[in-house]
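In what follows, a single structure is set out as structure tokens and then discussed.
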Amino acid sequence: MKNTLALTLAAVLALGVSVTSTTSAQDAGKVDFEKQILPVLKESCFKCHEKEHEENGKIKKPKGGLRLDSAAAITKGGKEYPNENVVAGKPDASWLVKTMALPDTDDLAMPPEGKGDRVTPANIDLIKKWITEGASFGAWKGVE
């Protein structure tokens with residue numbers, strides 16, 4: 001009886017370690033918004049899509065009413081296509097991805113020429129993966 005209990009306990013502990021290891025491995029493969037997506041947005045998008053602020057004595061408003069400097073604003077979207085900027089689980093329905101993937105010659109291509117570096121295909125794929133995974137911002141809230 002003691003051997004059976006000891007074997008059962010050992011099996012349960014081994015299973016627990018296995019499940020924990022698997023979960024950690026799965027989490028390790030998930031896109032981390034703050035570490036992987038936010039730097040892309042800062043580099044290519046914030047110049048035109050951040051909270052209203054004063055710069056060189058002028059008030060700068062976010063282009064198209066779209067802010068990308070907070071989780072709530074990213075989810076909300078801009079004046080055009082509200083609530084479609086990032087559609088969790090659906091990168092092809094998300095305007096953030098659509099506009100980044102357009103050719104330079106398209107009027108809707110983001111960022112427009114001279115306003116920032118175009119997002120690389122690898123980073124677009126990373127953003128698509130983040131959206132496919134549910135577009136989690138983790139603990140990041142961004143600017144209020």
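Quick note on naming: the chains in the structure tokens go A, B, ... in the order shown, residues restart at 1 in each chain, and ligands are numbered from 1 in order of appearance.
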
Env of Gly138 in chain A: 10 Å cut, atoms = only C-alpha atoms, seq-sep filter 6 positions within chain, self excluded. Answer as an mmCIF file with all heavy atoms, in the first residue's frame.
```
data_model
loop_
_atom_site.group_PDB
_atom_site.id
_atom_site.type_symbol
_atom_site.label_atom_id
_atom_site.label_comp_id
_atom_site.auth_asym_id
_atom_site.auth_seq_id
_atom_site.Cartn_x
_atom_site.Cartn_y
_atom_site.Cartn_z
ATOM 1 N N ASP A 32 5.210 38.594 -27.192
ATOM 2 C CA ASP A 32 5.122 39.496 -26.051
ATOM 3 C C ASP A 32 4.937 40.912 -26.593
ATOM 4 O O ASP A 32 5.847 41.468 -27.213
ATOM 5 C CB ASP A 32 6.397 39.403 -25.219
ATOM 6 C CG ASP A 32 6.376 40.267 -23.974
ATOM 7 O OD1 ASP A 32 6.075 41.484 -24.088
ATOM 8 O OD2 ASP A 32 6.685 39.750 -22.892
ATOM 9 N N PHE A 33 3.752 41.494 -26.387
ATOM 10 C CA PHE A 33 3.451 42.809 -26.943
ATOM 11 C C PHE A 33 4.498 43.839 -26.557
ATOM 12 O O PHE A 33 5.044 44.536 -27.415
ATOM 13 C CB PHE A 33 2.059 43.301 -26.512
ATOM 14 C CG PHE A 33 1.782 44.693 -27.006
ATOM 15 C CD1 PHE A 33 1.310 44.893 -28.280
ATOM 16 C CD2 PHE A 33 2.048 45.793 -26.208
ATOM 17 C CE1 PHE A 33 1.102 46.178 -28.766
ATOM 18 C CE2 PHE A 33 1.845 47.077 -26.680
ATOM 19 C CZ PHE A 33 1.365 47.279 -27.965
ATOM 20 N N GLU A 34 4.770 43.949 -25.272
ATOM 21 C CA GLU A 34 5.650 45.008 -24.780
ATOM 22 C C GLU A 34 7.083 44.876 -25.302
ATOM 23 O O GLU A 34 7.734 45.868 -25.600
ATOM 24 C CB GLU A 34 5.635 45.028 -23.257
ATOM 25 C CG GLU A 34 5.940 46.373 -22.683
ATOM 26 C CD GLU A 34 5.552 46.504 -21.217
ATOM 27 O OE1 GLU A 34 4.860 45.628 -20.667
ATOM 28 O OE2 GLU A 34 5.968 47.501 -20.628
ATOM 29 N N ALA A 71 -3.205 50.627 -24.928
ATOM 30 C CA ALA A 71 -3.944 49.409 -25.268
ATOM 31 C C ALA A 71 -5.391 49.740 -25.648
ATOM 32 O O ALA A 71 -5.906 49.235 -26.645
ATOM 33 C CB ALA A 71 -3.902 48.429 -24.095
#
```

| task | Select from range 54-120 of chain A everything DSSP, run on the backbone, classes as helix (DSSP H, G or I), then give the selection as an MDAnalysis selection string. | result | chainID A and resid 63:65 71:76 91:93 95:101

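CA of Lys128 in chain A is found 14.1 Å from CA of Gly29 in chain A.
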
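For the set A:Arg118, A:Lys51, A:Arg67, A:Lys90, the residue with the smallest atom-to-atom gap to Leu102 in chain A is A:Arg118, counting only C-alpha atoms.
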
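The shell of residues at most 10 Å from Gly89 in chain A, with only C-alpha atoms counted and near chain neighbours (fewer than 5 positions) removed, consists of Ser94, Lys128, Lys129, Trp130, Ile131, Thr132, Glu133, Gly134 and Ala135 of chain A.
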
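In this model, the gap between CA of His53 in chain A and CA of Gly78 in chain A comes to 17.1 Å.
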
| said: Just the number, please: distance in Å from CA of Pro111 in chain A to CA of Pro91 in chain A, one decimal. | reply: 18.0 Å

| With only C-alpha atoms as the basis for distance, which of A:Glu144, A:Glu43, A:Asp106, A:Asp117 is at the shortest distance from Ser70 in chain A? | A:Glu144

| query | Between A:Val87, A:Lys141, A:Pro112, A:Ile127, which is the closest to Thr75 in chain A once you count only C-alpha atoms? | reply | A:Val87

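Distances from A:Asp69, A:Asp92, A:Asp107, A:Glu80 to Phe46 in chain A were compared using only C-alpha atoms, and the smallest one belongs to A:Asp69.
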
| Within 12 Å of Asn83 in chain A, counting only C-alpha atoms, which residues qualify if same-chain residues fewer than 3 places away don't, as JSON, numbers by chain? | {"A": [66, 72, 73, 74, 75, 76, 77, 78, 79, 80, 86, 87, 88, 93, 94, 95, 96]}

| message | If DSSP is run on the backbone, what residues of chain A are strand (DSSP E)? A reply as a PyMOL selection string would be ideal. | response | chain A and resi 53-55+58-60

Suppose we keep N, CA, C and O atoms; can you now write the selection as a JSON list (two decimals), in the first residue's frame?
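Dumped everything to part23.json:
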```
[["chain", "number", "residue", "atom", "x", "y", "z"],
["A", 53, "HIS", "N", -0.44, 66.34, -28.20],
["A", 53, "HIS", "CA", 0.60, 66.99, -27.40],
["A", 53, "HIS", "C", 1.11, 68.23, -28.13],
["A", 53, "HIS", "O", 0.84, 68.43, -29.31],
["A", 54, "GLU", "N", 1.85, 69.03, -27.40],
["A", 54, "GLU", "CA", 2.44, 70.23, -27.99],
["A", 54, "GLU", "C", 3.86, 69.92, -28.43],
["A", 54, "GLU", "O", 4.62, 69.28, -27.72],
["A", 55, "GLU", "N", 4.18, 70.39, -29.63],
["A", 55, "GLU", "CA", 5.52, 70.19, -30.16],
["A", 55, "GLU", "C", 5.92, 71.45, -30.93],
["A", 55, "GLU", "O", 5.22, 71.85, -31.87],
["A", 58, "LYS", "N", 3.22, 74.02, -31.35],
["A", 58, "LYS", "CA", 2.01, 73.63, -32.08],
["A", 58, "LYS", "C", 1.40, 72.40, -31.43],
["A", 58, "LYS", "O", 2.10, 71.53, -30.93],
["A", 59, "ILE", "N", 0.07, 72.35, -31.48],
["A", 59, "ILE", "CA", -0.64, 71.18, -30.98],
["A", 59, "ILE", "C", -0.65, 70.11, -32.07],
["A", 59, "ILE", "O", -1.06, 70.37, -33.20],
["A", 60, "LYS", "N", -0.14, 68.92, -31.74],
["A", 60, "LYS", "CA", -0.15, 67.79, -32.67],
["A", 60, "LYS", "C", -1.22, 66.81, -32.23],
["A", 60, "LYS", "O", -1.21, 66.34, -31.09]]
```

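With distances restricted to only C-alpha atoms, A:Met110 is the closest residue to Cys45 in chain A from A:Val97, A:Met110, A:Val31, A:Val143.
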